[in-house]
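**Q** Got a file for you: start_24.txt, compact mmCIF, N, CA and C atoms.
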```
# COMPACT_ATOMS: atom_id res chain seq x y z
N MET Z 16 44.01 -14.68 -52.57
CA MET Z 16 44.26 -15.32 -53.85
C MET Z 16 42.90 -15.62 -54.47
N GLN Z 17 42.66 -15.02 -55.60
CA GLN Z 17 41.35 -15.12 -56.22
C GLN Z 17 41.39 -15.83 -57.57
N THR Z 18 42.33 -16.72 -57.79
CA THR Z 18 42.37 -17.41 -59.08
C THR Z 18 41.22 -18.39 -59.19
N LEU Z 19 40.78 -18.60 -60.39
CA LEU Z 19 39.65 -19.49 -60.65
C LEU Z 19 39.98 -20.93 -60.26
N ILE Z 20 41.18 -21.38 -60.57
CA ILE Z 20 41.57 -22.76 -60.26
C ILE Z 20 41.57 -22.97 -58.75
N PHE Z 21 42.14 -22.03 -58.01
CA PHE Z 21 42.21 -22.17 -56.55
C PHE Z 21 40.82 -22.16 -55.93
N ARG Z 22 39.97 -21.24 -56.38
CA ARG Z 22 38.61 -21.17 -55.82
C ARG Z 22 37.78 -22.39 -56.20
N THR Z 23 38.04 -23.00 -57.33
CA THR Z 23 37.32 -24.21 -57.74
C THR Z 23 37.80 -25.43 -56.97
N ALA Z 24 39.10 -25.52 -56.73
CA ALA Z 24 39.67 -26.70 -56.06
C ALA Z 24 39.51 -26.64 -54.54
N THR Z 25 39.35 -25.46 -53.98
CA THR Z 25 39.32 -25.31 -52.52
C THR Z 25 38.22 -26.11 -51.82
N PRO Z 26 36.97 -26.11 -52.28
CA PRO Z 26 35.96 -26.92 -51.56
C PRO Z 26 36.32 -28.40 -51.51
N PHE Z 27 36.85 -28.94 -52.59
CA PHE Z 27 37.24 -30.35 -52.60
C PHE Z 27 38.43 -30.59 -51.68
N LEU Z 28 39.39 -29.68 -51.73
CA LEU Z 28 40.58 -29.81 -50.89
C LEU Z 28 40.23 -29.67 -49.41
N THR Z 29 39.34 -28.75 -49.10
CA THR Z 29 38.91 -28.56 -47.71
C THR Z 29 38.22 -29.81 -47.19
N CYS Z 30 37.32 -30.36 -47.98
CA CYS Z 30 36.61 -31.58 -47.57
C CYS Z 30 37.57 -32.74 -47.39
N LEU Z 31 38.49 -32.90 -48.31
CA LEU Z 31 39.48 -33.97 -48.22
C LEU Z 31 40.36 -33.81 -46.99
N MET Z 32 40.79 -32.59 -46.72
CA MET Z 32 41.65 -32.35 -45.55
C MET Z 32 40.90 -32.59 -44.24
N LEU Z 33 39.62 -32.22 -44.19
CA LEU Z 33 38.85 -32.46 -42.97
C LEU Z 33 38.64 -33.95 -42.73
N MET Z 34 38.35 -34.70 -43.79
CA MET Z 34 38.22 -36.15 -43.63
C MET Z 34 39.54 -36.79 -43.21
N PHE Z 35 40.63 -36.33 -43.78
CA PHE Z 35 41.94 -36.86 -43.41
C PHE Z 35 42.29 -36.51 -41.97
N SER Z 36 41.87 -35.32 -41.51
CA SER Z 36 42.15 -34.95 -40.13
C SER Z 36 41.41 -35.86 -39.15
N VAL Z 37 40.19 -36.25 -39.48
CA VAL Z 37 39.45 -37.19 -38.63
C VAL Z 37 40.12 -38.56 -38.66
N PHE Z 38 40.60 -38.98 -39.82
CA PHE Z 38 41.33 -40.24 -39.93
C PHE Z 38 42.57 -40.23 -39.04
N VAL Z 39 43.33 -39.13 -39.09
CA VAL Z 39 44.55 -39.02 -38.27
C VAL Z 39 44.18 -39.01 -36.79
N LEU Z 40 43.09 -38.35 -36.44
CA LEU Z 40 42.63 -38.33 -35.05
C LEU Z 40 42.32 -39.74 -34.57
N LEU Z 41 41.58 -40.50 -35.37
CA LEU Z 41 41.14 -41.82 -34.93
C LEU Z 41 42.24 -42.87 -34.94
N ARG Z 42 43.24 -42.73 -35.79
CA ARG Z 42 44.29 -43.73 -35.81
C ARG Z 42 45.42 -43.39 -34.86
N GLY Z 43 45.32 -42.28 -34.16
CA GLY Z 43 46.39 -41.80 -33.30
C GLY Z 43 46.68 -42.65 -32.09
N HIS Z 44 45.83 -43.61 -31.76
CA HIS Z 44 46.09 -44.46 -30.60
C HIS Z 44 47.11 -45.53 -30.89
N ASN Z 45 47.09 -46.06 -32.08
CA ASN Z 45 47.96 -47.19 -32.40
C ASN Z 45 49.17 -46.79 -33.24
N GLU Z 46 49.09 -45.70 -33.94
CA GLU Z 46 50.16 -45.26 -34.83
C GLU Z 46 50.32 -43.75 -34.66
N PRO Z 47 51.34 -43.15 -35.28
CA PRO Z 47 51.51 -41.69 -35.14
C PRO Z 47 50.28 -40.93 -35.60
N GLY Z 48 49.98 -39.90 -34.90
CA GLY Z 48 48.81 -39.09 -35.18
C GLY Z 48 48.14 -38.72 -33.88
N GLY Z 49 46.90 -38.40 -33.92
CA GLY Z 49 46.17 -38.06 -32.71
C GLY Z 49 45.50 -36.71 -32.83
N GLY Z 50 45.07 -36.20 -31.69
CA GLY Z 50 44.30 -34.98 -31.67
C GLY Z 50 45.04 -33.75 -32.14
N PHE Z 51 46.31 -33.63 -31.76
CA PHE Z 51 47.05 -32.43 -32.14
C PHE Z 51 47.31 -32.39 -33.64
N THR Z 52 47.81 -33.48 -34.18
CA THR Z 52 48.12 -33.53 -35.61
C THR Z 52 46.85 -33.38 -36.44
N GLY Z 53 45.80 -34.09 -36.07
CA GLY Z 53 44.54 -33.99 -36.79
C GLY Z 53 43.96 -32.58 -36.72
N GLY Z 54 44.09 -31.94 -35.56
CA GLY Z 54 43.60 -30.58 -35.40
C GLY Z 54 44.35 -29.58 -36.28
N LEU Z 55 45.66 -29.78 -36.41
CA LEU Z 55 46.44 -28.90 -37.29
C LEU Z 55 46.01 -29.04 -38.74
N ILE Z 56 45.72 -30.27 -39.16
CA ILE Z 56 45.27 -30.49 -40.54
C ILE Z 56 43.92 -29.83 -40.76
N ALA Z 57 43.01 -29.96 -39.79
CA ALA Z 57 41.69 -29.34 -39.93
C ALA Z 57 41.79 -27.82 -39.93
N ALA Z 58 42.63 -27.26 -39.06
CA ALA Z 58 42.79 -25.80 -39.03
C ALA Z 58 43.40 -25.30 -40.34
N SER Z 59 44.30 -26.08 -40.92
CA SER Z 59 44.86 -25.72 -42.22
C SER Z 59 43.79 -25.72 -43.30
N ALA Z 60 42.87 -26.66 -43.22
CA ALA Z 60 41.78 -26.71 -44.19
C ALA Z 60 40.92 -25.44 -44.10
N PHE Z 61 40.61 -25.01 -42.88
CA PHE Z 61 39.82 -23.79 -42.72
C PHE Z 61 40.60 -22.56 -43.17
N ALA Z 62 41.91 -22.57 -42.94
CA ALA Z 62 42.73 -21.44 -43.39
C ALA Z 62 42.74 -21.35 -44.92
N ILE Z 63 42.87 -22.48 -45.59
CA ILE Z 63 42.84 -22.49 -47.05
C ILE Z 63 41.47 -22.02 -47.56
N HIS Z 64 40.42 -22.46 -46.89
CA HIS Z 64 39.07 -22.01 -47.27
C HIS Z 64 38.94 -20.50 -47.10
N GLY Z 65 39.53 -19.97 -46.02
CA GLY Z 65 39.50 -18.54 -45.79
C GLY Z 65 40.28 -17.75 -46.81
N ILE Z 66 41.41 -18.29 -47.27
CA ILE Z 66 42.20 -17.60 -48.30
C ILE Z 66 41.40 -17.52 -49.60
N ALA Z 67 40.69 -18.60 -49.91
CA ALA Z 67 39.96 -18.64 -51.18
C ALA Z 67 38.67 -17.82 -51.15
N PHE Z 68 37.91 -17.91 -50.05
CA PHE Z 68 36.58 -17.32 -50.04
C PHE Z 68 36.39 -16.20 -49.03
N GLY Z 69 37.38 -15.96 -48.19
CA GLY Z 69 37.29 -14.89 -47.21
C GLY Z 69 36.88 -15.40 -45.83
N VAL Z 70 37.15 -14.57 -44.85
CA VAL Z 70 36.88 -14.93 -43.46
C VAL Z 70 35.39 -15.13 -43.17
N PRO Z 71 34.49 -14.28 -43.70
CA PRO Z 71 33.07 -14.50 -43.41
C PRO Z 71 32.56 -15.88 -43.87
N ALA Z 72 33.08 -16.39 -44.96
CA ALA Z 72 32.66 -17.71 -45.43
C ALA Z 72 33.08 -18.81 -44.46
N VAL Z 73 34.25 -18.68 -43.88
CA VAL Z 73 34.71 -19.67 -42.90
C VAL Z 73 33.89 -19.57 -41.63
N ARG Z 74 33.60 -18.36 -41.20
CA ARG Z 74 32.79 -18.19 -39.98
C ARG Z 74 31.39 -18.78 -40.17
N ARG Z 75 30.83 -18.64 -41.37
CA ARG Z 75 29.52 -19.26 -41.65
C ARG Z 75 29.63 -20.77 -41.66
N ALA Z 76 30.72 -21.29 -42.21
CA ALA Z 76 30.90 -22.75 -42.29
C ALA Z 76 31.11 -23.37 -40.92
N LEU Z 77 31.76 -22.65 -40.02
CA LEU Z 77 32.04 -23.20 -38.69
C LEU Z 77 30.82 -23.21 -37.78
N TYR Z 78 29.92 -22.28 -37.95
CA TYR Z 78 28.70 -22.12 -37.17
C TYR Z 78 28.99 -21.59 -35.76
N PHE Z 79 29.97 -22.19 -35.04
CA PHE Z 79 30.36 -21.72 -33.72
C PHE Z 79 31.63 -20.89 -33.85
N HIS Z 80 31.84 -19.97 -32.94
CA HIS Z 80 33.06 -19.18 -32.92
C HIS Z 80 34.23 -20.13 -32.63
N PRO Z 81 35.36 -19.94 -33.29
CA PRO Z 81 36.49 -20.85 -33.08
C PRO Z 81 36.95 -20.95 -31.62
N MET Z 82 36.88 -19.86 -30.87
CA MET Z 82 37.30 -19.94 -29.47
C MET Z 82 36.29 -20.71 -28.62
N ALA Z 83 35.03 -20.72 -29.03
CA ALA Z 83 34.04 -21.55 -28.34
C ALA Z 83 34.34 -23.03 -28.58
N ILE Z 84 34.78 -23.35 -29.80
CA ILE Z 84 35.19 -24.73 -30.11
C ILE Z 84 36.38 -25.13 -29.24
N ALA Z 85 37.35 -24.22 -29.13
CA ALA Z 85 38.52 -24.49 -28.30
C ALA Z 85 38.13 -24.65 -26.82
N GLY Z 86 37.23 -23.82 -26.35
CA GLY Z 86 36.78 -23.92 -24.97
C GLY Z 86 36.07 -25.23 -24.69
N PHE Z 87 35.22 -25.67 -25.62
CA PHE Z 87 34.55 -26.95 -25.43
C PHE Z 87 35.55 -28.10 -25.45
N GLY Z 88 36.57 -28.00 -26.30
CA GLY Z 88 37.61 -29.03 -26.34
C GLY Z 88 38.37 -29.11 -25.03
N LEU Z 89 38.67 -27.96 -24.44
CA LEU Z 89 39.35 -27.94 -23.15
C LEU Z 89 38.47 -28.55 -22.07
N PHE Z 90 37.18 -28.25 -22.12
CA PHE Z 90 36.24 -28.85 -21.17
C PHE Z 90 36.18 -30.37 -21.34
N ALA Z 91 36.12 -30.84 -22.59
CA ALA Z 91 36.06 -32.29 -22.85
C ALA Z 91 37.33 -32.99 -22.38
N SER Z 92 38.47 -32.35 -22.59
CA SER Z 92 39.72 -32.96 -22.14
C SER Z 92 39.78 -33.05 -20.62
N ALA Z 93 39.28 -32.04 -19.94
CA ALA Z 93 39.26 -32.07 -18.48
C ALA Z 93 38.28 -33.11 -17.96
N VAL Z 94 37.13 -33.21 -18.61
CA VAL Z 94 36.12 -34.19 -18.19
C VAL Z 94 36.62 -35.62 -18.40
N ALA Z 95 37.51 -35.82 -19.38
CA ALA Z 95 38.03 -37.16 -19.64
C ALA Z 95 38.83 -37.70 -18.46
N GLY Z 96 39.33 -36.83 -17.61
CA GLY Z 96 40.09 -37.29 -16.45
C GLY Z 96 39.25 -37.62 -15.24
N LEU Z 97 38.00 -37.19 -15.22
CA LEU Z 97 37.16 -37.40 -14.04
C LEU Z 97 36.79 -38.86 -13.77
N PRO Z 98 36.49 -39.68 -14.77
CA PRO Z 98 36.16 -41.07 -14.45
C PRO Z 98 37.26 -41.81 -13.69
N SER Z 99 38.51 -41.50 -13.97
CA SER Z 99 39.59 -42.18 -13.25
C SER Z 99 39.58 -41.80 -11.78
N LEU Z 100 39.19 -40.58 -11.46
CA LEU Z 100 39.09 -40.18 -10.05
C LEU Z 100 37.98 -40.95 -9.34
N LEU Z 101 36.90 -41.23 -10.06
CA LEU Z 101 35.79 -41.98 -9.47
C LEU Z 101 36.19 -43.41 -9.11
N PHE Z 102 37.17 -43.95 -9.84
CA PHE Z 102 37.65 -45.31 -9.58
C PHE Z 102 38.88 -45.32 -8.68
N GLY Z 103 39.22 -44.17 -8.09
CA GLY Z 103 40.33 -44.10 -7.17
C GLY Z 103 41.70 -44.17 -7.84
N MET Z 104 41.77 -43.77 -9.09
CA MET Z 104 43.04 -43.78 -9.82
C MET Z 104 43.51 -42.33 -10.01
N PRO Z 105 44.77 -42.14 -10.39
CA PRO Z 105 45.24 -40.77 -10.64
C PRO Z 105 44.47 -40.11 -11.80
N PHE Z 106 44.40 -38.78 -11.74
CA PHE Z 106 43.69 -38.00 -12.76
C PHE Z 106 44.27 -38.29 -14.15
N LEU Z 107 43.42 -38.43 -15.14
CA LEU Z 107 43.75 -38.70 -16.54
C LEU Z 107 44.33 -40.09 -16.77
N THR Z 108 44.11 -41.01 -15.87
CA THR Z 108 44.46 -42.41 -16.14
C THR Z 108 43.45 -42.97 -17.13
N GLY Z 109 43.94 -43.63 -18.17
CA GLY Z 109 43.04 -44.15 -19.20
C GLY Z 109 42.19 -45.30 -18.71
N LEU Z 110 40.92 -45.25 -19.01
CA LEU Z 110 39.97 -46.32 -18.68
C LEU Z 110 39.30 -46.78 -19.97
N TRP Z 111 39.08 -48.08 -20.09
CA TRP Z 111 38.46 -48.65 -21.28
C TRP Z 111 37.25 -49.47 -20.90
N SER Z 112 36.27 -49.48 -21.79
CA SER Z 112 35.11 -50.35 -21.64
C SER Z 112 34.68 -50.81 -23.03
N ALA Z 113 33.93 -51.90 -23.06
CA ALA Z 113 33.48 -52.45 -24.34
C ALA Z 113 32.00 -52.81 -24.24
N PRO Z 114 31.11 -51.80 -24.25
CA PRO Z 114 29.68 -52.11 -24.21
C PRO Z 114 29.21 -52.74 -25.52
N SER Z 115 28.12 -53.48 -25.43
CA SER Z 115 27.55 -54.12 -26.60
C SER Z 115 26.48 -53.21 -27.19
N LEU Z 116 26.59 -52.94 -28.48
CA LEU Z 116 25.64 -52.07 -29.16
C LEU Z 116 25.15 -52.79 -30.41
N PHE Z 117 23.88 -53.14 -30.44
CA PHE Z 117 23.28 -53.88 -31.55
C PHE Z 117 24.02 -55.19 -31.81
N GLY Z 118 24.44 -55.83 -30.74
CA GLY Z 118 25.11 -57.12 -30.86
C GLY Z 118 26.59 -57.04 -31.19
N MET Z 119 27.13 -55.84 -31.29
CA MET Z 119 28.56 -55.66 -31.58
C MET Z 119 29.24 -55.02 -30.38
N SER Z 120 30.46 -55.40 -30.12
CA SER Z 120 31.24 -54.81 -29.05
C SER Z 120 31.87 -53.51 -29.56
N VAL Z 121 31.65 -52.42 -28.83
CA VAL Z 121 32.18 -51.12 -29.19
C VAL Z 121 33.19 -50.71 -28.12
N ASP Z 122 34.45 -50.54 -28.51
CA ASP Z 122 35.49 -50.15 -27.57
C ASP Z 122 35.44 -48.64 -27.34
N LEU Z 123 35.30 -48.25 -26.08
CA LEU Z 123 35.29 -46.84 -25.69
C LEU Z 123 36.39 -46.61 -24.67
N SER Z 124 36.97 -45.41 -24.69
CA SER Z 124 38.01 -45.10 -23.70
C SER Z 124 37.98 -43.61 -23.37
N THR Z 125 38.47 -43.31 -22.18
CA THR Z 125 38.60 -41.91 -21.80
C THR Z 125 39.74 -41.25 -22.58
N VAL Z 126 40.67 -42.05 -23.06
CA VAL Z 126 41.78 -41.52 -23.85
C VAL Z 126 41.25 -40.92 -25.16
N MET Z 127 40.26 -41.57 -25.74
CA MET Z 127 39.68 -41.05 -26.98
C MET Z 127 38.97 -39.72 -26.74
N VAL Z 128 38.27 -39.60 -25.61
CA VAL Z 128 37.61 -38.35 -25.27
C VAL Z 128 38.65 -37.24 -25.10
N PHE Z 129 39.78 -37.58 -24.46
CA PHE Z 129 40.86 -36.61 -24.30
C PHE Z 129 41.42 -36.19 -25.66
N ASP Z 130 41.63 -37.15 -26.55
CA ASP Z 130 42.16 -36.83 -27.88
C ASP Z 130 41.19 -35.95 -28.68
N ILE Z 131 39.90 -36.22 -28.58
CA ILE Z 131 38.91 -35.39 -29.26
C ILE Z 131 38.94 -33.97 -28.69
N GLY Z 132 39.10 -33.87 -27.38
CA GLY Z 132 39.22 -32.55 -26.76
C GLY Z 132 40.44 -31.79 -27.26
N VAL Z 133 41.57 -32.47 -27.36
CA VAL Z 133 42.78 -31.84 -27.88
C VAL Z 133 42.56 -31.40 -29.32
N TYR Z 134 41.91 -32.26 -30.11
CA TYR Z 134 41.60 -31.94 -31.50
C TYR Z 134 40.79 -30.64 -31.58
N LEU Z 135 39.76 -30.53 -30.75
CA LEU Z 135 38.91 -29.34 -30.79
C LEU Z 135 39.65 -28.10 -30.30
N VAL Z 136 40.52 -28.24 -29.30
CA VAL Z 136 41.31 -27.10 -28.82
C VAL Z 136 42.21 -26.59 -29.94
N VAL Z 137 42.88 -27.51 -30.62
CA VAL Z 137 43.80 -27.12 -31.69
C VAL Z 137 43.04 -26.51 -32.86
N VAL Z 138 41.93 -27.13 -33.27
CA VAL Z 138 41.13 -26.59 -34.37
C VAL Z 138 40.64 -25.19 -34.02
N GLY Z 139 40.09 -25.02 -32.84
CA GLY Z 139 39.55 -23.72 -32.45
C GLY Z 139 40.60 -22.65 -32.33
N SER Z 140 41.70 -22.94 -31.65
CA SER Z 140 42.70 -21.90 -31.42
C SER Z 140 43.45 -21.54 -32.70
N PHE Z 141 43.88 -22.54 -33.47
CA PHE Z 141 44.62 -22.24 -34.68
C PHE Z 141 43.74 -21.63 -35.76
N THR Z 142 42.49 -22.03 -35.83
CA THR Z 142 41.57 -21.41 -36.79
C THR Z 142 41.31 -19.96 -36.39
N SER Z 143 41.17 -19.70 -35.10
CA SER Z 143 40.97 -18.34 -34.64
C SER Z 143 42.17 -17.46 -34.99
N ILE Z 144 43.37 -17.98 -34.81
CA ILE Z 144 44.57 -17.23 -35.17
C ILE Z 144 44.62 -16.98 -36.68
N ALA Z 145 44.37 -18.02 -37.46
CA ALA Z 145 44.42 -17.88 -38.92
C ALA Z 145 43.38 -16.88 -39.42
N LEU Z 146 42.18 -16.94 -38.87
CA LEU Z 146 41.13 -16.00 -39.31
C LEU Z 146 41.47 -14.58 -38.90
N ALA Z 147 42.08 -14.40 -37.73
CA ALA Z 147 42.48 -13.04 -37.30
C ALA Z 147 43.56 -12.49 -38.24
N LEU Z 148 44.51 -13.33 -38.61
CA LEU Z 148 45.56 -12.89 -39.51
C LEU Z 148 45.01 -12.58 -40.90
N GLU Z 149 44.10 -13.42 -41.40
CA GLU Z 149 43.52 -13.19 -42.71
C GLU Z 149 42.62 -11.95 -42.70
N ASP Z 150 41.93 -11.71 -41.61
CA ASP Z 150 41.06 -10.55 -41.49
C ASP Z 150 41.87 -9.27 -41.48
N ARG Z 151 43.01 -9.27 -40.80
CA ARG Z 151 43.88 -8.08 -40.77
C ARG Z 151 44.47 -7.80 -42.13
N GLU Z 152 44.70 -8.84 -42.91
CA GLU Z 152 45.29 -8.67 -44.24
C GLU Z 152 44.39 -7.85 -45.14
N HIS Z 153 43.07 -7.93 -44.94
CA HIS Z 153 42.12 -7.25 -45.83
C HIS Z 153 41.75 -5.87 -45.34
N ASP Z 154 42.24 -5.46 -44.16
CA ASP Z 154 41.94 -4.11 -43.64
C ASP Z 154 42.76 -3.04 -44.32
```
Have the structure of the file written as structure tokens, please.

**A**
Amino acid sequence: MQTLIFRTATPFLTCLMLMFSVFVLLRGHNEPGGGFTGGLIAASAFAIHGIAFGVPAVRRALYFHPMAIAGFGLFASAVAGLPSLLFGMPFLTGLWSAPSLFGMSVDLSTVMVFDIGVYLVVVGSFTSIALALEDREHD
């Protein structure tokens, strides 16, 4: 789709969707959302960008190959379960800590690391699928 309106609105829409996907990722602990939903929104943003500007533009914007992003997300999700093993708990049991940073308490959890990993797996795999489909369309 090469309309002027779509190509003009796409950068703003992509940016807005990516910010919203991070919001959905971060609020997923207390309310509906999380890594999977946020990842789908982000992958949709990259798909829309690809429709407007082509697959090479998305690949340049991502910097890393989408499957490398998915692989790193899978690694992060697996690593999130290791601290619970160190404390003698079952694998992937959530652990929380609240270190002080510049005089403020910062809540950290292994659950958040797992959610970020899921987010990256979904972004990488669905973006890879979308780019493959869009690339075949132009052949």

**Q** Might you pull out every residue within 6 Å of region 34-51 of chain Z, with all atoms listed in the file counted and same-chain residues fewer than 5 positions away left off, and present them as a ChimeraX atom specification?

**A** /Z:29,56-57,130-131,133-134

**Q** Which of these residues is nearest to Ala85 (chain Z), using only C-alpha atoms: Z:Phe21, Z:Leu148, Z:Gly54, Z:Val128?

**A** Z:Gly54

**Q** What is the distance, in Å and to one decimal place, between atom N of Ala93 (chain Z) and atom N of Val121 (chain Z)?

**A**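 Result for atom N of Ala93 (chain Z) versus atom N of Val121 (chain Z): 23.5 Å, one decimal.
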
**Q** Which one of Z:Ala67, Z:Met32, Z:Val73, Z:Ala58 sits closest to Ile20 (chain Z) if you count only C-alpha atoms?

**A**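 Closest to Ile20 (chain Z) of all the choices is Z:Ala67.
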
**Q** My list of candidates is Z:Phe27, Z:Ala76, Z:Leu101, Z:Ser59. Which is closest to Val138 (chain Z) when distances are computed with all atoms listed in the file?

**A**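 Going through Z:Phe27, Z:Ala76, Z:Leu101, Z:Ser59 one by one, the smallest distance to Val138 (chain Z) is for Z:Ser59.
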
**Q** Could you give me the residues within region 75-119 of chain Z that DSSP places in helix (DSSP H, G or I), as a PyMOL selection string?

**A** chain Z and resi 75-77+81-94+97-101

**Q** Could you pull out the residues in chain Z that DSSP calls strand (DSSP E) from the backbone, as a PyMOL selection string?

**A** chain Z and resi 111-112+115-116+119-120+123-124

**Q** Per residue of region 54-132 of chain Z within 7 Å of region 141-147 of chain Z, note the shortest atom pair and the distance in Å to one decimal, counting all atoms listed in the file, and order the rows by chain and increasing residue number, as a Markdown table.

**A**
```
| residue | atom | partner | partner_atom | distance |
| --- | --- | --- | --- | --- |
| Z:Ala58 | CA | Z:Thr142 | N | 5.0 |
| Z:Ser59 | N | Z:Thr142 | N | 6.8 |
| Z:Phe61 | C | Z:Thr142 | CA | 6.6 |
| Z:Ala62 | CA | Z:Ala145 | CA | 6.0 |
| Z:Val70 | CA | Z:Leu146 | CA | 6.0 |
| Z:Pro81 | CA | Z:Ser143 | N | 5.2 |
| Z:Met82 | N | Z:Ser143 | CA | 5.8 |
```

**Q** For CA of Ser115 (chain Z) and CA of Gly96 (chain Z), quote the distance in Å rounded to one decimal.

**A**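 These atoms are spaced 23.3 Å apart.
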
**Q** Expressed in Å to a single decimal, how great is the separation between atom N of Gly88 (chain Z) and atom N of Val136 (chain Z)?

**A**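 About the pair atom N of Gly88 (chain Z) and atom N of Val136 (chain Z): they are 5.0 Å apart.
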
**Q** Excluding region 97-99 of chain Z and any residue of its chain fewer than 5 positions from it, enumerate the residues within 7 Å of it, using only N, CA and C atoms, and give them as a PDB file with N, CA and C atoms, in the coordinates of the input.

**A**
```
ATOM      1  N   MET Z 104      41.770 -43.770  -9.090  1.00  0.00           N
ATOM      2  CA  MET Z 104      43.040 -43.780  -9.820  1.00  0.00           C
ATOM      3  C   MET Z 104      43.510 -42.330 -10.010  1.00  0.00           C
ATOM      4  N   PRO Z 105      44.770 -42.140 -10.390  1.00  0.00           N
ATOM      5  CA  PRO Z 105      45.240 -40.770 -10.640  1.00  0.00           C
ATOM      6  C   PRO Z 105      44.470 -40.110 -11.800  1.00  0.00           C
ATOM      7  N   PHE Z 106      44.400 -38.780 -11.740  1.00  0.00           N
ATOM      8  CA  PHE Z 106      43.690 -38.000 -12.760  1.00  0.00           C
ATOM      9  C   PHE Z 106      44.270 -38.290 -14.150  1.00  0.00           C
ATOM     10  N   LEU Z 107      43.420 -38.430 -15.140  1.00  0.00           N
ATOM     11  CA  LEU Z 107      43.750 -38.700 -16.540  1.00  0.00           C
ATOM     12  C   LEU Z 107      44.330 -40.090 -16.770  1.00  0.00           C
ATOM     13  N   THR Z 108      44.110 -41.010 -15.870  1.00  0.00           N
ATOM     14  CA  THR Z 108      44.460 -42.410 -16.140  1.00  0.00           C
ATOM     15  C   THR Z 108      43.450 -42.970 -17.130  1.00  0.00           C
ATOM     16  N   GLY Z 109      43.940 -43.630 -18.170  1.00  0.00           N
ATOM     17  CA  GLY Z 109      43.040 -44.150 -19.200  1.00  0.00           C
ATOM     18  C   GLY Z 109      42.190 -45.300 -18.710  1.00  0.00           C
ATOM     19  N   LEU Z 110      40.920 -45.250 -19.010  1.00  0.00           N
ATOM     20  CA  LEU Z 110      39.970 -46.320 -18.680  1.00  0.00           C
ATOM     21  C   LEU Z 110      39.300 -46.780 -19.970  1.00  0.00           C
TER      22      LEU Z 110
END
```

**Q** From the set Z:Gly53, Z:Gly118, Z:Pro71, Z:Gly132, which residue has the shortest atom-to-atom contact distance to Asp150 (chain Z), counting only C-alpha atoms?

**A** Z:Pro71

**Q** Using all atoms listed in the file, which of the listed residues (Z:Thr25, Z:Leu31, Z:Phe117, Z:Ser92) sits closest to Ile63 (chain Z)?

**A**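 Checking each of Z:Thr25, Z:Leu31, Z:Phe117, Z:Ser92 against Ile63 (chain Z), counting all atoms listed in the file, the winner is Z:Thr25.
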
**Q** Starting from 6 Å padding per side, set up an axis-aligned box that covers all listed atoms of region 65-71 of chain Z and hand over centre and edge lengths in Å, one decimal, as JSON.

**A**
```
{"center_x": 37.4, "center_y": -17.1, "center_z": -47.2, "size_x": 21.6, "size_y": 17.7, "size_z": 20.0}
```

**Q** Using all atoms listed in the file, determine which residues lie at most 7 Å from Ser112 (chain Z), disregarding the query and same-chain residues fewer than 5 positions distant; provide the list as an MDAnalysis selection string.

**A** chainID Z and resid 121:125

**Q** Pick out the closest residue to Phe68 (chain Z) from this set: Z:Phe87, Z:Arg22, Z:Leu135, Z:Leu28. Count only N, CA and C atoms.

**A**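 Result for the nearest residue to Phe68 (chain Z): Z:Arg22.
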
**Q** Write out N, CA, C and O atoms for region 29-37 of chain Z, as a compact mmCIF listing (two decimals), keeping the file's coordinate frame.

**A**
```
# COMPACT_ATOMS: atom_id res chain seq x y z
N THR Z 29 39.34 -28.75 -49.10
CA THR Z 29 38.91 -28.56 -47.71
C THR Z 29 38.22 -29.81 -47.19
O THR Z 29 38.51 -30.29 -46.08
N CYS Z 30 37.32 -30.36 -47.98
CA CYS Z 30 36.61 -31.58 -47.57
C CYS Z 30 37.57 -32.74 -47.39
O CYS Z 30 37.50 -33.47 -46.39
N LEU Z 31 38.49 -32.90 -48.31
CA LEU Z 31 39.48 -33.97 -48.22
C LEU Z 31 40.36 -33.81 -46.99
O LEU Z 31 40.63 -34.79 -46.27
N MET Z 32 40.79 -32.59 -46.72
CA MET Z 32 41.65 -32.35 -45.55
C MET Z 32 40.90 -32.59 -44.24
O MET Z 32 41.46 -33.13 -43.28
N LEU Z 33 39.62 -32.22 -44.19
CA LEU Z 33 38.85 -32.46 -42.97
C LEU Z 33 38.64 -33.95 -42.73
O LEU Z 33 38.73 -34.43 -41.59
N MET Z 34 38.35 -34.70 -43.79
CA MET Z 34 38.22 -36.15 -43.63
C MET Z 34 39.54 -36.79 -43.21
O MET Z 34 39.56 -37.66 -42.35
N PHE Z 35 40.63 -36.33 -43.78
CA PHE Z 35 41.94 -36.86 -43.41
C PHE Z 35 42.29 -36.51 -41.97
O PHE Z 35 42.89 -37.32 -41.26
N SER Z 36 41.87 -35.32 -41.51
CA SER Z 36 42.15 -34.95 -40.13
C SER Z 36 41.41 -35.86 -39.15
O SER Z 36 41.96 -36.23 -38.11
N VAL Z 37 40.19 -36.25 -39.48
CA VAL Z 37 39.45 -37.19 -38.63
C VAL Z 37 40.12 -38.56 -38.66
O VAL Z 37 40.23 -39.24 -37.63
```
